[in-house]
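Only one structure is covered here, and it is reproduced in the block below.
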Amino acid sequence: MAVMTTGPLSAIVLAAGEGTRMRSHRPKPLHKLCGRPMVLHVLDALAELDIDRVVVVVGSGGDWVGRTLVDHAPGHLSIELVEQHEQRGTGDATAVGLTGLVDSAGGGAEGEGDVVVLPGDTPLLRPPTLAALVRHHRQQGAGATLLTAEVADAGGYGRVVRGKDGSVARVVEDGDASDEERVINEINTSIYCFRRSVLAPALRRLRPTNEQGEYYLTDVVEVLAGAGYKIEALVAADPVEAAGVNDRAQLAIAEAELRDRINERWMRRGVTMWDPERTYVDAGAELAPDVSLLPGVVLRGDCTVGERSEIGPDCLLVDTTVGEGAEILHSVCVGAIVGAGARVGPFATLGRGAEVPAEGVVAPFSVLGEPVSAI
């Protein structure tokens with residue numbers, strides 16, 4: 001049943017997990033990496049595709065997630081939230097997500113086109129990888145296409161089981177795998193592209209017969225393969241892209257990877273970083289060419305730094321605008337505006353409401369604006 005698929009492309013983001021391993025009152029999708037909630041990094045990747053509609057499946061804390069998406073999600077995406085009231089597995093969450101696609105382009109849940117299904121805790125996923133997954137899926141006319149990865153240690157991950165002809169037969173979760181299956185080093189990343197017309201019928205055939213008593217989305221692969229649909233797999237070039245974030249340690253690892261990417265991107269655009277390992281730039285910052293960042297610089301939130309400005313060493317800027325050719329030395333600026341050619345510090349503190357005029361000078365140990373008591 002290999003049929004070249006076309007038509008609208010939709011997406012379902014599974015973000016209903018409680019994230020108990022985070023040990024936090026904050027919903028897991030809203031934990032931040034480089035100043036931006038995790039689920040927004042996933043939506044940023046989707047925003048690079050020609051997406052018709054995005055459904056985000058939420059659980060507890062759904063109102064908080066919803067407000068965050070309204071305020072900060074890519075503006076051109078059409079996003080709808082649906083709630084999974086009871087945590088019954090990824091298969092059930094996907095079925096809940098399909099209800100949010102009813103009446104979108106292509107009709108109901110079993111409409112035309114394809115649907116990307118992915119977790120809300122994979123913030124390192126790059127847009128080109130998602131685009132390659134969709135392209136491969138459509139070129140092969142597959143019923144389902146999995147993004148897989150080859151890793152040295154597959155412990156804890158679902159294994160991709162292939163038939164004698166090399167085609168994908170099924171995915172088995174680690175807890176349900178046999179000793180022979182645990183030797184497999186090709187893992188499922190939980191990122192898929194499905195032909196939308198076959199996904200809902202396949203989900204209805206799932207049964208919670210596994211060790212966890214849940215409806216596994218991975219079981220859809222075996223259902224579709226058994227029904228004669230072509231199942232494809234695209235191996236990710238970089239397994240790190242598909243890494244999930246389930247606890248604070250994994251959050252720190254993902255943040256380090258994302259910061260390296262951000263720093264490399266700005267350096268290739270003409271920004272000088274004396275020591276990239278000691279330079280921290282949030283995802284919302286905007287830097288002009290010929291900016292110099294000295295060791296110990298932290299740019300948090302929505303900072304904007306103009307050409308030829310020099311920041312550091314050891315400066316913290318939060319939501320601050322810096323004009324062209326300005327210099328800030330050993331200082332803290334929160335919600336401040338520093339004019340072109342201005343000189344700030346060392347050891348100055350600029351709070352919200354502080355404005356330094358062009359060519360202005362802020363003397364050492366000066367305090368301007370509102371008190372900086374919490375940042």
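If you're wondering about the labels, chains in the structure tokens are A, B, ... by order shown, residues count from 1 in each chain, ligands from 1 in order shown.
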
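These are the residues of stretch 265-315 of chain A assigned helix (DSSP H, G or I) by DSSP from backbone coordinates: Arg265, Trp266, Met267, Arg268, Pro276, Glu277 and Arg278 of chain A.
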
Produce a file of the selected residues containing C-alpha atoms, as a CSV table (one decimal), in the first residue's frame.
chain,number,residue,atom,x,y,z
A,265,ARG,CA,25.6,30.7,15.1
A,266,TRP,CA,26.4,34.2,16.4
A,267,MET,CA,30.2,33.8,15.8
A,268,ARG,CA,29.6,32.8,12.2
A,276,PRO,CA,32.6,30.7,24.1
A,277,GLU,CA,32.6,28.2,27.0
A,278,ARG,CA,32.1,31.2,29.4

Neighbour list for A:Gly163 as a JSON list (two decimals) with C-alpha atoms, in the first residue's frame, cut-off 12 Å, only C-alpha atoms, skip fewer than 2 positions in-chain:
[["chain", "number", "residue", "atom", "x", "y", "z"],
["A", 160, "VAL", "CA", 13.35, -0.89, 16.01],
["A", 161, "VAL", "CA", 12.78, -4.48, 14.90],
["A", 165, "ASP", "CA", 14.07, -7.80, 4.03],
["A", 166, "GLY", "CA", 15.25, -4.88, 6.19],
["A", 167, "SER", "CA", 11.83, -3.24, 6.42],
["A", 168, "VAL", "CA", 10.49, -2.00, 9.75],
["A", 169, "ALA", "CA", 8.25, -4.62, 11.34],
["A", 170, "ARG", "CA", 7.60, -3.20, 14.79],
["A", 171, "VAL", "CA", 8.96, -1.27, 17.74],
["A", 222, "GLU", "CA", 3.08, -3.24, 13.91],
["A", 225, "ALA", "CA", 2.76, -3.21, 8.89],
["A", 226, "GLY", "CA", 0.37, -6.11, 9.49],
["A", 231, "ILE", "CA", 6.70, 1.43, 7.13],
["A", 232, "GLU", "CA", 9.83, 3.49, 6.62]]

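Across the model, the gap from atom CA of A:Gly228 to atom CA of A:Gly143 is 9.1 Å.
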
query: Any idea what's packed within 8 Å of A:Ile51, counting only C-alpha atoms, ignoring anything in its chain fewer than 6 positions away? Could you give it as a PyMOL selection string?
result: chain A and resi 8-11+77

For the residues in that selection, give me C-alpha atoms as an mmCIF file, in the first residue's frame.
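As a result, selection25.cif now contains:
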data_model
loop_
_atom_site.group_PDB
_atom_site.id
_atom_site.type_symbol
_atom_site.label_atom_id
_atom_site.label_comp_id
_atom_site.auth_asym_id
_atom_site.auth_seq_id
_atom_site.Cartn_x
_atom_site.Cartn_y
_atom_site.Cartn_z
ATOM 1 C CA PRO A 8 -1.877 19.299 4.048
ATOM 2 C CA LEU A 9 0.664 18.639 6.761
ATOM 3 C CA SER A 10 -0.415 18.824 10.401
ATOM 4 C CA ALA A 11 1.404 18.131 13.665
ATOM 5 C CA LEU A 77 1.426 28.799 13.463
#

- prompt: Which residues, written as a list in words, have at least one atom at most 8 Å from A:Leu81, with only C-alpha atoms counted and residues fewer than 6 positions away on the same chain left out?
  reply: Val55, Val56, Val57, Val58, Gly66 and Gly100 of chain A

statement: Closest of A:Leu49, A:Ala288, A:Val151, A:Val13 to A:Tyr192, counting only C-alpha atoms, is A:Val13

task: Just the residues within 8 Å of stretch 344-353 of chain A, please, counting only C-alpha atoms, with nothing from its chain fewer than 2 positions along; format it as a PyMOL selection string.
output: chain A and resi 327-337+342+355+361-372

Only N, CA and C atoms, please: the residues just picked out, written as a PDB file, in the first residue's frame.
ATOM      1  N   GLU A 327      30.152  50.437  25.574  1.00  0.00           N
ATOM      2  CA  GLU A 327      31.004  49.539  26.352  1.00  0.00           C
ATOM      3  C   GLU A 327      30.403  49.370  27.747  1.00  0.00           C
ATOM      4  N   ILE A 328      30.306  48.123  28.177  1.00  0.00           N
ATOM      5  CA  ILE A 328      29.787  47.820  29.517  1.00  0.00           C
ATOM      6  C   ILE A 328      30.785  46.892  30.185  1.00  0.00           C
ATOM      7  N   LEU A 329      31.252  47.290  31.366  1.00  0.00           N
ATOM      8  CA  LEU A 329      32.343  46.565  32.020  1.00  0.00           C
ATOM      9  C   LEU A 329      31.932  46.169  33.441  1.00  0.00           C
ATOM     10  N   HIS A 330      32.006  44.869  33.759  1.00  0.00           N
ATOM     11  CA  HIS A 330      31.754  44.377  35.125  1.00  0.00           C
ATOM     12  C   HIS A 330      30.472  44.978  35.714  1.00  0.00           C
ATOM     13  N   SER A 331      29.360  44.879  34.998  1.00  0.00           N
ATOM     14  CA  SER A 331      28.140  45.545  35.456  1.00  0.00           C
ATOM     15  C   SER A 331      26.917  44.656  35.278  1.00  0.00           C
ATOM     16  N   VAL A 332      25.812  45.077  35.940  1.00  0.00           N
ATOM     17  CA  VAL A 332      24.525  44.393  35.835  1.00  0.00           C
ATOM     18  C   VAL A 332      23.510  45.379  35.272  1.00  0.00           C
ATOM     19  N   CYS A 333      22.812  44.961  34.214  1.00  0.00           N
ATOM     20  CA  CYS A 333      21.800  45.812  33.593  1.00  0.00           C
ATOM     21  C   CYS A 333      20.531  44.986  33.415  1.00  0.00           C
ATOM     22  N   VAL A 334      19.433  45.450  33.992  1.00  0.00           N
ATOM     23  CA  VAL A 334      18.161  44.721  33.924  1.00  0.00           C
ATOM     24  C   VAL A 334      17.089  45.660  33.385  1.00  0.00           C
ATOM     25  N   GLY A 335      16.590  45.383  32.191  1.00  0.00           N
ATOM     26  CA  GLY A 335      15.547  46.212  31.606  1.00  0.00           C
ATOM     27  C   GLY A 335      15.998  47.625  31.314  1.00  0.00           C
ATOM     28  N   ALA A 336      17.271  47.817  31.039  1.00  0.00           N
ATOM     29  CA  ALA A 336      17.832  49.156  30.831  1.00  0.00           C
ATOM     30  C   ALA A 336      18.034  49.435  29.345  1.00  0.00           C
ATOM     31  N   ILE A 337      18.279  50.709  29.048  1.00  0.00           N
ATOM     32  CA  ILE A 337      18.612  51.143  27.690  1.00  0.00           C
ATOM     33  C   ILE A 337      19.935  51.894  27.761  1.00  0.00           C
ATOM     34  N   ALA A 342      27.919  54.883  24.647  1.00  0.00           N
ATOM     35  CA  ALA A 342      27.930  55.104  26.098  1.00  0.00           C
ATOM     36  C   ALA A 342      28.968  54.205  26.767  1.00  0.00           C
ATOM     37  N   GLU A 355      18.039  54.771  31.686  1.00  0.00           N
ATOM     38  CA  GLU A 355      18.380  55.080  30.297  1.00  0.00           C
ATOM     39  C   GLU A 355      19.668  55.891  30.291  1.00  0.00           C
ATOM     40  N   VAL A 361      28.135  58.542  30.208  1.00  0.00           N
ATOM     41  CA  VAL A 361      29.073  57.785  31.037  1.00  0.00           C
ATOM     42  C   VAL A 361      28.413  57.482  32.381  1.00  0.00           C
ATOM     43  N   VAL A 362      28.422  56.212  32.767  1.00  0.00           N
ATOM     44  CA  VAL A 362      27.927  55.804  34.082  1.00  0.00           C
ATOM     45  C   VAL A 362      29.146  55.437  34.910  1.00  0.00           C
ATOM     46  N   ALA A 363      29.369  56.194  35.971  1.00  0.00           N
ATOM     47  CA  ALA A 363      30.587  56.045  36.766  1.00  0.00           C
ATOM     48  C   ALA A 363      30.607  54.705  37.507  1.00  0.00           C
ATOM     49  N   PRO A 364      31.798  54.240  37.878  1.00  0.00           N
ATOM     50  CA  PRO A 364      31.906  52.999  38.657  1.00  0.00           C
ATOM     51  C   PRO A 364      31.054  53.044  39.926  1.00  0.00           C
ATOM     52  N   PHE A 365      30.442  51.897  40.229  1.00  0.00           N
ATOM     53  CA  PHE A 365      29.633  51.706  41.431  1.00  0.00           C
ATOM     54  C   PHE A 365      28.344  52.525  41.440  1.00  0.00           C
ATOM     55  N   SER A 366      27.966  53.083  40.301  1.00  0.00           N
ATOM     56  CA  SER A 366      26.708  53.835  40.231  1.00  0.00           C
ATOM     57  C   SER A 366      25.509  52.882  40.216  1.00  0.00           C
ATOM     58  N   VAL A 367      24.357  53.391  40.724  1.00  0.00           N
ATOM     59  CA  VAL A 367      23.105  52.635  40.697  1.00  0.00           C
ATOM     60  C   VAL A 367      22.042  53.529  40.100  1.00  0.00           C
ATOM     61  N   LEU A 368      21.435  53.083  38.979  1.00  0.00           N
ATOM     62  CA  LEU A 368      20.409  53.856  38.303  1.00  0.00           C
ATOM     63  C   LEU A 368      19.167  52.998  38.107  1.00  0.00           C
ATOM     64  N   GLY A 369      17.989  53.633  38.074  1.00  0.00           N
ATOM     65  CA  GLY A 369      16.755  52.918  37.819  1.00  0.00           C
ATOM     66  C   GLY A 369      16.240  52.184  39.048  1.00  0.00           C
ATOM     67  N   GLU A 370      15.285  51.277  38.818  1.00  0.00           N
ATOM     68  CA  GLU A 370      14.682  50.535  39.906  1.00  0.00           C
ATOM     69  C   GLU A 370      15.700  49.606  40.550  1.00  0.00           C
ATOM     70  N   PRO A 371      15.544  49.317  41.830  1.00  0.00           N
ATOM     71  CA  PRO A 371      16.479  48.395  42.480  1.00  0.00           C
ATOM     72  C   PRO A 371      16.448  47.018  41.817  1.00  0.00           C
ATOM     73  N   VAL A 372      17.604  46.421  41.650  1.00  0.00           N
ATOM     74  CA  VAL A 372      17.697  45.095  41.061  1.00  0.00           C
ATOM     75  C   VAL A 372      17.744  44.090  42.199  1.00  0.00           C
TER      76      VAL A 372
END

Give me the residues near stretch 173-182 of chain A as a compact mmCIF listing (two decimals) with N, CA and C atoms, in the first residue's frame, where near means some atom within 12 Å (using only C-alpha atoms) and where sequence neighbours in that chain fewer than 2 positions away do not count.
# COMPACT_ATOMS: atom_id res chain seq x y z
N ALA A 152 25.23 3.67 20.86
CA ALA A 152 26.06 2.61 21.44
C ALA A 152 25.35 1.91 22.60
N ASP A 153 24.64 2.69 23.42
CA ASP A 153 23.92 2.14 24.56
C ASP A 153 22.43 2.44 24.38
N ALA A 154 21.66 1.42 24.04
CA ALA A 154 20.23 1.61 23.75
C ALA A 154 19.36 1.34 24.97
N GLY A 155 19.95 1.17 26.13
CA GLY A 155 19.19 0.87 27.34
C GLY A 155 18.13 1.92 27.63
N GLY A 156 16.90 1.47 27.86
CA GLY A 156 15.81 2.38 28.18
C GLY A 156 15.01 2.84 26.98
N TYR A 157 15.49 2.57 25.77
CA TYR A 157 14.82 3.04 24.56
C TYR A 157 14.08 1.90 23.87
N GLY A 158 13.04 2.25 23.10
CA GLY A 158 12.37 1.27 22.27
C GLY A 158 13.25 0.87 21.10
N ARG A 159 13.31 -0.43 20.81
CA ARG A 159 14.15 -0.92 19.72
C ARG A 159 13.35 -1.05 18.44
N VAL A 160 13.98 -0.75 17.32
CA VAL A 160 13.35 -0.89 16.01
C VAL A 160 13.66 -2.29 15.49
N VAL A 161 12.62 -3.09 15.35
CA VAL A 161 12.78 -4.48 14.90
C VAL A 161 12.47 -4.52 13.40
N ARG A 162 13.43 -5.01 12.63
CA ARG A 162 13.27 -5.06 11.17
C ARG A 162 13.05 -6.51 10.73
N ARG A 170 8.24 -3.67 13.56
CA ARG A 170 7.60 -3.20 14.79
C ARG A 170 8.62 -2.49 15.66
N VAL A 171 8.12 -1.89 16.72
CA VAL A 171 8.96 -1.27 17.74
C VAL A 171 8.61 -1.91 19.07
N ILE A 184 19.71 -4.94 19.87
CA ILE A 184 19.53 -4.00 18.76
C ILE A 184 19.94 -2.59 19.20
N ASN A 185 20.71 -1.89 18.35
CA ASN A 185 21.16 -0.55 18.71
C ASN A 185 20.46 0.56 17.92
N GLU A 186 19.49 0.19 17.09
CA GLU A 186 18.67 1.21 16.41
C GLU A 186 17.44 1.47 17.27
N ILE A 187 17.28 2.71 17.69
CA ILE A 187 16.21 3.04 18.64
C ILE A 187 15.16 3.94 17.99
N ASN A 188 13.98 3.87 18.53
CA ASN A 188 12.90 4.75 18.13
C ASN A 188 13.02 6.07 18.88
N THR A 189 12.92 7.18 18.18
CA THR A 189 13.05 8.49 18.82
C THR A 189 11.71 9.07 19.27
N SER A 190 10.60 8.36 18.95
CA SER A 190 9.24 8.84 19.24
C SER A 190 8.85 10.03 18.38
N THR A 209 -1.77 -4.14 26.45
CA THR A 209 -1.33 -5.46 26.90
C THR A 209 0.14 -5.49 27.30
N ASN A 210 0.76 -4.32 27.41
CA ASN A 210 2.18 -4.26 27.75
C ASN A 210 2.37 -4.22 29.25
N GLU A 211 3.64 -4.19 29.65
CA GLU A 211 3.98 -4.21 31.07
C GLU A 211 3.44 -3.01 31.81
N GLN A 212 3.32 -1.87 31.14
CA GLN A 212 2.86 -0.64 31.79
C GLN A 212 1.34 -0.50 31.78
N GLY A 213 0.65 -1.33 30.99
CA GLY A 213 -0.80 -1.21 30.90
C GLY A 213 -1.24 0.05 30.19
N GLU A 214 -0.43 0.53 29.24
CA GLU A 214 -0.71 1.77 28.52
C GLU A 214 -0.93 1.48 27.04
N TYR A 215 -1.51 2.48 26.36
CA TYR A 215 -1.66 2.41 24.91
C TYR A 215 -0.41 3.03 24.27
N TYR A 216 0.44 2.20 23.71
CA TYR A 216 1.70 2.66 23.14
C TYR A 216 1.49 3.12 21.69
N LEU A 217 1.93 4.30 21.38
CA LEU A 217 1.91 4.74 20.00
C LEU A 217 2.82 3.87 19.13
N THR A 218 3.88 3.33 19.73
CA THR A 218 4.79 2.47 18.97
C THR A 218 4.09 1.24 18.40
N ASP A 219 3.02 0.78 19.04
CA ASP A 219 2.31 -0.41 18.55
C ASP A 219 1.59 -0.15 17.23

field: Backbone DSSP call of strand (DSSP E or B) for stretch 90-296 of chain A, listed as a PyMOL selection string
entry: chain A and resi 104+107+114-119+144-150+159-162+168-172+186-195+231-235+272-273+279-281+286-287+292-293

How would the residues just picked look written out with C-alpha atoms as a PDB file, in the first residue's frame?
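The file below, part_27.pdb, is the result:
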ATOM      1  CA  SER A 104      -9.113  21.435   9.755  1.00  0.00           C
ATOM      2  CA  GLY A 107     -11.915  17.243   7.064  1.00  0.00           C
ATOM      3  CA  ASP A 114       0.083  13.654   6.732  1.00  0.00           C
ATOM      4  CA  VAL A 115       0.587  14.333  10.413  1.00  0.00           C
ATOM      5  CA  VAL A 116       3.862  14.658  12.296  1.00  0.00           C
ATOM      6  CA  VAL A 117       3.682  13.339  15.862  1.00  0.00           C
ATOM      7  CA  LEU A 118       6.483  14.221  18.263  1.00  0.00           C
ATOM      8  CA  PRO A 119       7.139  14.754  21.983  1.00  0.00           C
ATOM      9  CA  ALA A 144       4.261   5.652   8.657  1.00  0.00           C
ATOM     10  CA  THR A 145       7.858   6.823   8.854  1.00  0.00           C
ATOM     11  CA  LEU A 146       9.915   6.748  12.035  1.00  0.00           C
ATOM     12  CA  LEU A 147      12.869   8.914  12.887  1.00  0.00           C
ATOM     13  CA  THR A 148      15.366   6.484  14.383  1.00  0.00           C
ATOM     14  CA  ALA A 149      18.881   6.753  15.772  1.00  0.00           C
ATOM     15  CA  GLU A 150      21.790   4.387  16.144  1.00  0.00           C
ATOM     16  CA  ARG A 159      14.150  -0.924  19.722  1.00  0.00           C
ATOM     17  CA  VAL A 160      13.351  -0.886  16.013  1.00  0.00           C
ATOM     18  CA  VAL A 161      12.778  -4.475  14.895  1.00  0.00           C
ATOM     19  CA  ARG A 162      13.268  -5.065  11.174  1.00  0.00           C
ATOM     20  CA  VAL A 168      10.495  -1.999   9.748  1.00  0.00           C
ATOM     21  CA  ALA A 169       8.251  -4.618  11.335  1.00  0.00           C
ATOM     22  CA  ARG A 170       7.598  -3.204  14.788  1.00  0.00           C
ATOM     23  CA  VAL A 171       8.961  -1.271  17.743  1.00  0.00           C
ATOM     24  CA  VAL A 172       9.370  -2.957  21.101  1.00  0.00           C
ATOM     25  CA  GLU A 186      18.672   1.208  16.413  1.00  0.00           C
ATOM     26  CA  ILE A 187      16.207   3.038  18.636  1.00  0.00           C
ATOM     27  CA  ASN A 188      12.899   4.751  18.128  1.00  0.00           C
ATOM     28  CA  THR A 189      13.046   8.489  18.823  1.00  0.00           C
ATOM     29  CA  SER A 190       9.242   8.843  19.244  1.00  0.00           C
ATOM     30  CA  ILE A 191       9.191  11.230  16.279  1.00  0.00           C
ATOM     31  CA  TYR A 192       6.944  10.093  13.428  1.00  0.00           C
ATOM     32  CA  CYS A 193       5.199  11.080  10.235  1.00  0.00           C
ATOM     33  CA  PHE A 194       1.927   9.222   9.566  1.00  0.00           C
ATOM     34  CA  ARG A 195      -0.459   9.155   6.658  1.00  0.00           C
ATOM     35  CA  ILE A 231       6.696   1.431   7.132  1.00  0.00           C
ATOM     36  CA  GLU A 232       9.834   3.487   6.620  1.00  0.00           C
ATOM     37  CA  ALA A 233      12.614   4.650   8.939  1.00  0.00           C
ATOM     38  CA  LEU A 234      14.955   7.599   8.551  1.00  0.00           C
ATOM     39  CA  VAL A 235      18.106   7.357  10.674  1.00  0.00           C
ATOM     40  CA  THR A 272      33.483  37.822  18.700  1.00  0.00           C
ATOM     41  CA  MET A 273      33.428  35.622  21.806  1.00  0.00           C
ATOM     42  CA  THR A 279      29.602  33.104  27.334  1.00  0.00           C
ATOM     43  CA  TYR A 280      25.874  32.541  27.822  1.00  0.00           C
ATOM     44  CA  VAL A 281      23.430  33.936  25.279  1.00  0.00           C
ATOM     45  CA  GLU A 286      19.800  39.753  18.966  1.00  0.00           C
ATOM     46  CA  LEU A 287      23.438  40.618  18.258  1.00  0.00           C
ATOM     47  CA  SER A 292      32.550  41.585  21.261  1.00  0.00           C
ATOM     48  CA  LEU A 293      31.546  39.461  24.253  1.00  0.00           C
TER      49      LEU A 293
END

Closest contacts (stretch 77-127 of chain A/stretch 243-259 of chain A, max 7 Å, only C-alpha atoms) as a Markdown table:
| residue | atom | partner | partner_atom | distance |
| --- | --- | --- | --- | --- |
| A:Asp121 | CA | A:Gly244 | CA | 5.4 |
| A:Thr122 | CA | A:Gly244 | CA | 4.9 |
| A:Leu124 | CA | A:Leu258 | CA | 6.8 |

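Residues surrounding A:Pro289 within 8 Å are Arg269, Gly270, Val271, Leu287, Val291, Gly306, Glu307 and Arg308 of chain A [only C-alpha atoms; sequence separation below 2 positions excluded].
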
Using only C-alpha atoms, please write the residues we just selected to a file, as an mmCIF file, in the first residue's frame.
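Contents of the output file part_38.cif:
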data_model
loop_
_atom_site.group_PDB
_atom_site.id
_atom_site.type_symbol
_atom_site.label_atom_id
_atom_site.label_comp_id
_atom_site.auth_asym_id
_atom_site.auth_seq_id
_atom_site.Cartn_x
_atom_site.Cartn_y
_atom_site.Cartn_z
ATOM 1 C CA ARG A 269 27.498 35.977 11.898
ATOM 2 C CA GLY A 270 30.390 38.182 12.980
ATOM 3 C CA VAL A 271 30.207 38.224 16.794
ATOM 4 C CA LEU A 287 23.438 40.618 18.258
ATOM 5 C CA VAL A 291 29.920 42.830 18.792
ATOM 6 C CA GLY A 306 24.327 47.050 18.489
ATOM 7 C CA GLU A 307 27.374 46.935 16.204
ATOM 8 C CA ARG A 308 30.877 47.391 17.616
#

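The gap separating atom CA of A:Leu101 from atom CA of A:Leu69 is 17.7 Å, in Å to one decimal.
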
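Taking atom CA of A:Glu18 and atom CA of A:Gly62 as endpoints, the distance between them is 10.6 Å.
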